[in-house]
Amino acid sequence: MKRFLLVMGLILSSLLTSCIPHKDIVYLQNKDMATDSLQLMVEQQKPYRVQINDILNIRVKSIDQKSVSILNPIGEGNLNASSSERAYFDGFTVDVHGNIRIPSLGQINVLGYSTEEIETMIETKLLDEQFKETANIFVTVKLAGLRYTANGEVGSPGTQVLFQERVNIFQAIANVGEIPVTGDRKDVLIIRQYPQGQKIHHLDLTDINVMNSPYYYIQPNDMIYVKPLKQKTWGTGVTGRETLATIVSVLSLITTTIVLIRL
């Protein structure tokens with residue numbers, strides 16, 4: 001009888017630990033201060049530096065718009081194409097050497113520069129080589145969409161393109177179907193490209209201090225990976241109701257086995 005009670009205790013303990021705690025699925029918890037404290041979260045974001053394979057959308061405006069028409073894409077591609085497809089065909093792709101090729105201006109190296117710095121570079125080059133100050137040249141440079149990929153425990157894994165200047169990790173995840181209960185919110189991986197290679201960064205989405213992280217805002221070509229919790233592989237249920245149902249099933253099986261053995 002004691003052995004039976006010991007086995008039952010071990011089974012119940014293992015099943016109870018298989019439940020996913022409430023604190024593991026709640027975002028932005030205030031772990032260091034009282035819940036009624038007022039906090040000022042300072043967003044950390046540095047200007048994005050252009051990388052290889054980025055696509056830039058460049059537009060040049062002038063008093064005489066015809067004089068700069070050659071510098072602006074005219075969209076000769078499929079008019080039924082999506083916004084991301086049009087951006088691909090009309091934009092300027094940064095090659096493996098960090099250059100873009102602009103009509104009448106030739107090759108310009110943009111690797112490691114911000115979009116604001118590239119605007120100044122192009123404007124200066126146009127005024128030095130083709131136009132006068134009176135032409136009132138105005139150059140805008142934007143990334144042709146923020147492309148990223150999300151894998152693992154998310155609703156709809158895959159690649160997304162968002163046409164926004166800034167996208168934080170919560171917005172990025174919301175656009176791929178949210179993290180299910182079985183996803184590890186405490187250790188979300190951001191795989192980011194750098195000139196010297198790729199680096200992996202870790203984010204705890206359950207901690208409100210994640211908003212202070214330099215990786216809170218995603219960048220083009222980021223990969224987001226959400227790991228599964230160990231409870232998923234145990235197969236005992238992720239909620240109290242599912243775990244209770246499993247306990248009842250196991251107890252019924254054990255009781256039936258004991259009865260059959262004693263017969």
# chains A, B, ... in the order shown; residues from 1 in each chain; ligands from 1
call {"tool": "residues_around", "arguments": {"residues": "Gln51 in chain A", "least_positions_apart": "5", "cutoff": "9 Å", "atoms": "only C-alpha atoms", "output": "PyMOL selection string"}}
result
chain A and resi 94+98+110-113+193-195+220
call {"tool": "residues_around", "arguments": {"residues": "range 157-171 of chain A", "least_positions_apart": "2", "cutoff": "6 Å", "atoms": "only C-alpha atoms", "output": "ChimeraX atom specification"}}
result
/A:145-151,154,173-174,216-218
call {"tool": "write_last_selection", "arguments": {"atoms": "N, CA and C atoms", "output": "JSON list (two decimals), in the first residue's frame"}}
result
[["chain", "number", "residue", "atom", "x", "y", "z"],
["A", 145, "GLY", "N", 9.94, 48.63, -47.33],
["A", 145, "GLY", "CA", 9.27, 47.67, -46.46],
["A", 145, "GLY", "C", 10.23, 47.05, -45.47],
["A", 146, "LEU", "N", 9.71, 46.69, -44.31],
["A", 146, "LEU", "CA", 10.50, 46.03, -43.28],
["A", 146, "LEU", "C", 10.18, 44.54, -43.34],
["A", 147, "ARG", "N", 11.11, 43.78, -43.89],
["A", 147, "ARG", "CA", 10.91, 42.34, -44.08],
["A", 147, "ARG", "C", 11.56, 41.55, -42.94],
["A", 148, "TYR", "N", 10.81, 40.62, -42.37],
["A", 148, "TYR", "CA", 11.36, 39.76, -41.32],
["A", 148, "TYR", "C", 10.71, 38.40, -41.40],
["A", 149, "THR", "N", 11.30, 37.42, -40.72],
["A", 149, "THR", "CA", 10.80, 36.06, -40.72],
["A", 149, "THR", "C", 10.60, 35.59, -39.29],
["A", 150, "ALA", "N", 9.48, 34.92, -39.02],
["A", 150, "ALA", "CA", 9.19, 34.38, -37.70],
["A", 150, "ALA", "C", 8.96, 32.88, -37.81],
["A", 151, "ASN", "N", 9.63, 32.12, -36.94],
["A", 151, "ASN", "CA", 9.51, 30.66, -36.93],
["A", 151, "ASN", "C", 9.25, 30.17, -35.51],
["A", 154, "VAL", "N", 4.68, 30.17, -33.20],
["A", 154, "VAL", "CA", 3.85, 31.32, -33.54],
["A", 154, "VAL", "C", 2.68, 30.82, -34.39],
["A", 173, "ILE", "N", 5.30, 40.03, -33.76],
["A", 173, "ILE", "CA", 4.71, 38.74, -33.42],
["A", 173, "ILE", "C", 3.21, 38.74, -33.67],
["A", 174, "ALA", "N", 2.55, 39.86, -33.39],
["A", 174, "ALA", "CA", 1.10, 39.94, -33.62],
["A", 174, "ALA", "C", 0.77, 39.73, -35.10],
["A", 216, "TYR", "N", 14.45, 45.72, -28.88],
["A", 216, "TYR", "CA", 13.00, 45.79, -28.77],
["A", 216, "TYR", "C", 12.36, 46.08, -30.12],
["A", 217, "TYR", "N", 13.01, 46.93, -30.92],
["A", 217, "TYR", "CA", 12.54, 47.20, -32.28],
["A", 217, "TYR", "C", 13.28, 46.30, -33.24],
["A", 218, "ILE", "N", 12.53, 45.61, -34.09],
["A", 218, "ILE", "CA", 13.17, 44.72, -35.05],
["A", 218, "ILE", "C", 13.74, 45.52, -36.21]]
call {"tool": "residues_around", "arguments": {"residues": "Val68 in chain A", "least_positions_apart": "5", "cutoff": "12 Å", "atoms": "only C-alpha atoms", "output": "list in words"}}
result
Ile58, Arg59, Val60, Lys61, Ser62, Ile63, Pro73, Ile74, Ile102, Pro103, Ser104, Leu105, Glu123, Leu126, Gln130, Phe131, Ala135, Asn136, Ile137, Phe138 and Val139 of chain A
call {"tool": "closest_residue", "arguments": {"among": "A:Asp64, A:Asp204, A:Glu85, A:Asp222", "to": "Leu28 in chain A", "atoms": "only C-alpha atoms"}}
result
A:Asp204
call {"tool": "closest_residue", "arguments": {"among": "A:Asp128, A:Pro180, A:Tyr27, A:Gln196", "to": "Met211 in chain A", "atoms": "only C-alpha atoms"}}
result
A:Tyr27
call {"tool": "select_by_dssp", "arguments": {"residues": "range 12-243 of chain A", "states": "strand (DSSP E)", "output": "VMD selection string"}}
result
chain A and resid 55 to 61 92 to 93 99 to 102 106 to 109 138 to 143 146 to 152 158 to 162 183 to 194 197 to 203 223 to 228
call {"tool": "atom_distance", "arguments": {"atom1": "CA of Tyr225 in chain A", "atom2": "CA of Leu189 in chain A"}}
result
5.1 Å
call {"tool": "decode", "arguments": {"residues": "range 82-102 of chain A", "atoms": "N, CA and C atoms", "output": "PDB file, in the first residue's frame"}}
result
ATOM      1  N   SER A  82       1.741  42.895 -55.860  1.00  0.00           N
ATOM      2  CA  SER A  82       1.543  43.405 -54.511  1.00  0.00           C
ATOM      3  C   SER A  82       2.521  44.539 -54.237  1.00  0.00           C
ATOM      4  N   SER A  83       2.305  45.233 -53.114  1.00  0.00           N
ATOM      5  CA  SER A  83       3.179  46.349 -52.754  1.00  0.00           C
ATOM      6  C   SER A  83       4.621  45.898 -52.580  1.00  0.00           C
ATOM      7  N   SER A  84       4.810  44.726 -51.940  1.00  0.00           N
ATOM      8  CA  SER A  84       6.170  44.231 -51.736  1.00  0.00           C
ATOM      9  C   SER A  84       6.821  43.843 -53.050  1.00  0.00           C
ATOM     10  N   GLU A  85       6.044  43.306 -53.996  1.00  0.00           N
ATOM     11  CA  GLU A  85       6.599  42.947 -55.305  1.00  0.00           C
ATOM     12  C   GLU A  85       6.972  44.188 -56.098  1.00  0.00           C
ATOM     13  N   ARG A  86       6.117  45.200 -56.040  1.00  0.00           N
ATOM     14  CA  ARG A  86       6.435  46.453 -56.736  1.00  0.00           C
ATOM     15  C   ARG A  86       7.680  47.093 -56.141  1.00  0.00           C
ATOM     16  N   ALA A  87       7.795  47.028 -54.825  1.00  0.00           N
ATOM     17  CA  ALA A  87       8.979  47.587 -54.167  1.00  0.00           C
ATOM     18  C   ALA A  87      10.234  46.864 -54.622  1.00  0.00           C
ATOM     19  N   TYR A  88      10.124  45.550 -54.832  1.00  0.00           N
ATOM     20  CA  TYR A  88      11.279  44.764 -55.272  1.00  0.00           C
ATOM     21  C   TYR A  88      11.721  45.185 -56.662  1.00  0.00           C
ATOM     22  N   PHE A  89      10.756  45.365 -57.581  1.00  0.00           N
ATOM     23  CA  PHE A  89      11.107  45.684 -58.966  1.00  0.00           C
ATOM     24  C   PHE A  89      11.466  47.157 -59.148  1.00  0.00           C
ATOM     25  N   ASP A  90      10.830  48.043 -58.392  1.00  0.00           N
ATOM     26  CA  ASP A  90      11.072  49.485 -58.557  1.00  0.00           C
ATOM     27  C   ASP A  90      12.185  50.013 -57.662  1.00  0.00           C
ATOM     28  N   GLY A  91      12.529  49.252 -56.625  1.00  0.00           N
ATOM     29  CA  GLY A  91      13.523  49.728 -55.675  1.00  0.00           C
ATOM     30  C   GLY A  91      14.954  49.500 -56.140  1.00  0.00           C
ATOM     31  N   PHE A  92      15.899  49.964 -55.315  1.00  0.00           N
ATOM     32  CA  PHE A  92      17.323  49.825 -55.600  1.00  0.00           C
ATOM     33  C   PHE A  92      17.912  48.848 -54.581  1.00  0.00           C
ATOM     34  N   THR A  93      18.326  47.683 -55.060  1.00  0.00           N
ATOM     35  CA  THR A  93      18.846  46.641 -54.186  1.00  0.00           C
ATOM     36  C   THR A  93      20.327  46.863 -53.907  1.00  0.00           C
ATOM     37  N   VAL A  94      20.708  46.769 -52.651  1.00  0.00           N
ATOM     38  CA  VAL A  94      22.111  46.919 -52.252  1.00  0.00           C
ATOM     39  C   VAL A  94      22.839  45.617 -52.591  1.00  0.00           C
ATOM     40  N   ASP A  95      23.860  45.700 -53.445  1.00  0.00           N
ATOM     41  CA  ASP A  95      24.562  44.491 -53.886  1.00  0.00           C
ATOM     42  C   ASP A  95      25.566  44.011 -52.835  1.00  0.00           C
ATOM     43  N   VAL A  96      26.293  42.952 -53.164  1.00  0.00           N
ATOM     44  CA  VAL A  96      27.208  42.330 -52.198  1.00  0.00           C
ATOM     45  C   VAL A  96      28.376  43.245 -51.830  1.00  0.00           C
ATOM     46  N   HIS A  97      28.600  44.274 -52.627  1.00  0.00           N
ATOM     47  CA  HIS A  97      29.663  45.232 -52.322  1.00  0.00           C
ATOM     48  C   HIS A  97      29.131  46.458 -51.578  1.00  0.00           C
ATOM     49  N   GLY A  98      27.824  46.476 -51.322  1.00  0.00           N
ATOM     50  CA  GLY A  98      27.228  47.604 -50.607  1.00  0.00           C
ATOM     51  C   GLY A  98      26.859  48.763 -51.506  1.00  0.00           C
ATOM     52  N   ASN A  99      26.764  48.518 -52.827  1.00  0.00           N
ATOM     53  CA  ASN A  99      26.484  49.593 -53.783  1.00  0.00           C
ATOM     54  C   ASN A  99      25.057  49.509 -54.320  1.00  0.00           C
ATOM     55  N   ILE A 100      24.539  50.652 -54.720  1.00  0.00           N
ATOM     56  CA  ILE A 100      23.322  50.713 -55.522  1.00  0.00           C
ATOM     57  C   ILE A 100      23.669  51.448 -56.815  1.00  0.00           C
ATOM     58  N   ARG A 101      22.938  51.175 -57.868  1.00  0.00           N
ATOM     59  CA  ARG A 101      23.214  51.788 -59.177  1.00  0.00           C
ATOM     60  C   ARG A 101      22.022  52.649 -59.565  1.00  0.00           C
ATOM     61  N   ILE A 102      22.267  53.963 -59.629  1.00  0.00           N
ATOM     62  CA  ILE A 102      21.214  54.933 -59.915  1.00  0.00           C
ATOM     63  C   ILE A 102      21.426  55.523 -61.306  1.00  0.00           C
TER      64      ILE A 102
END
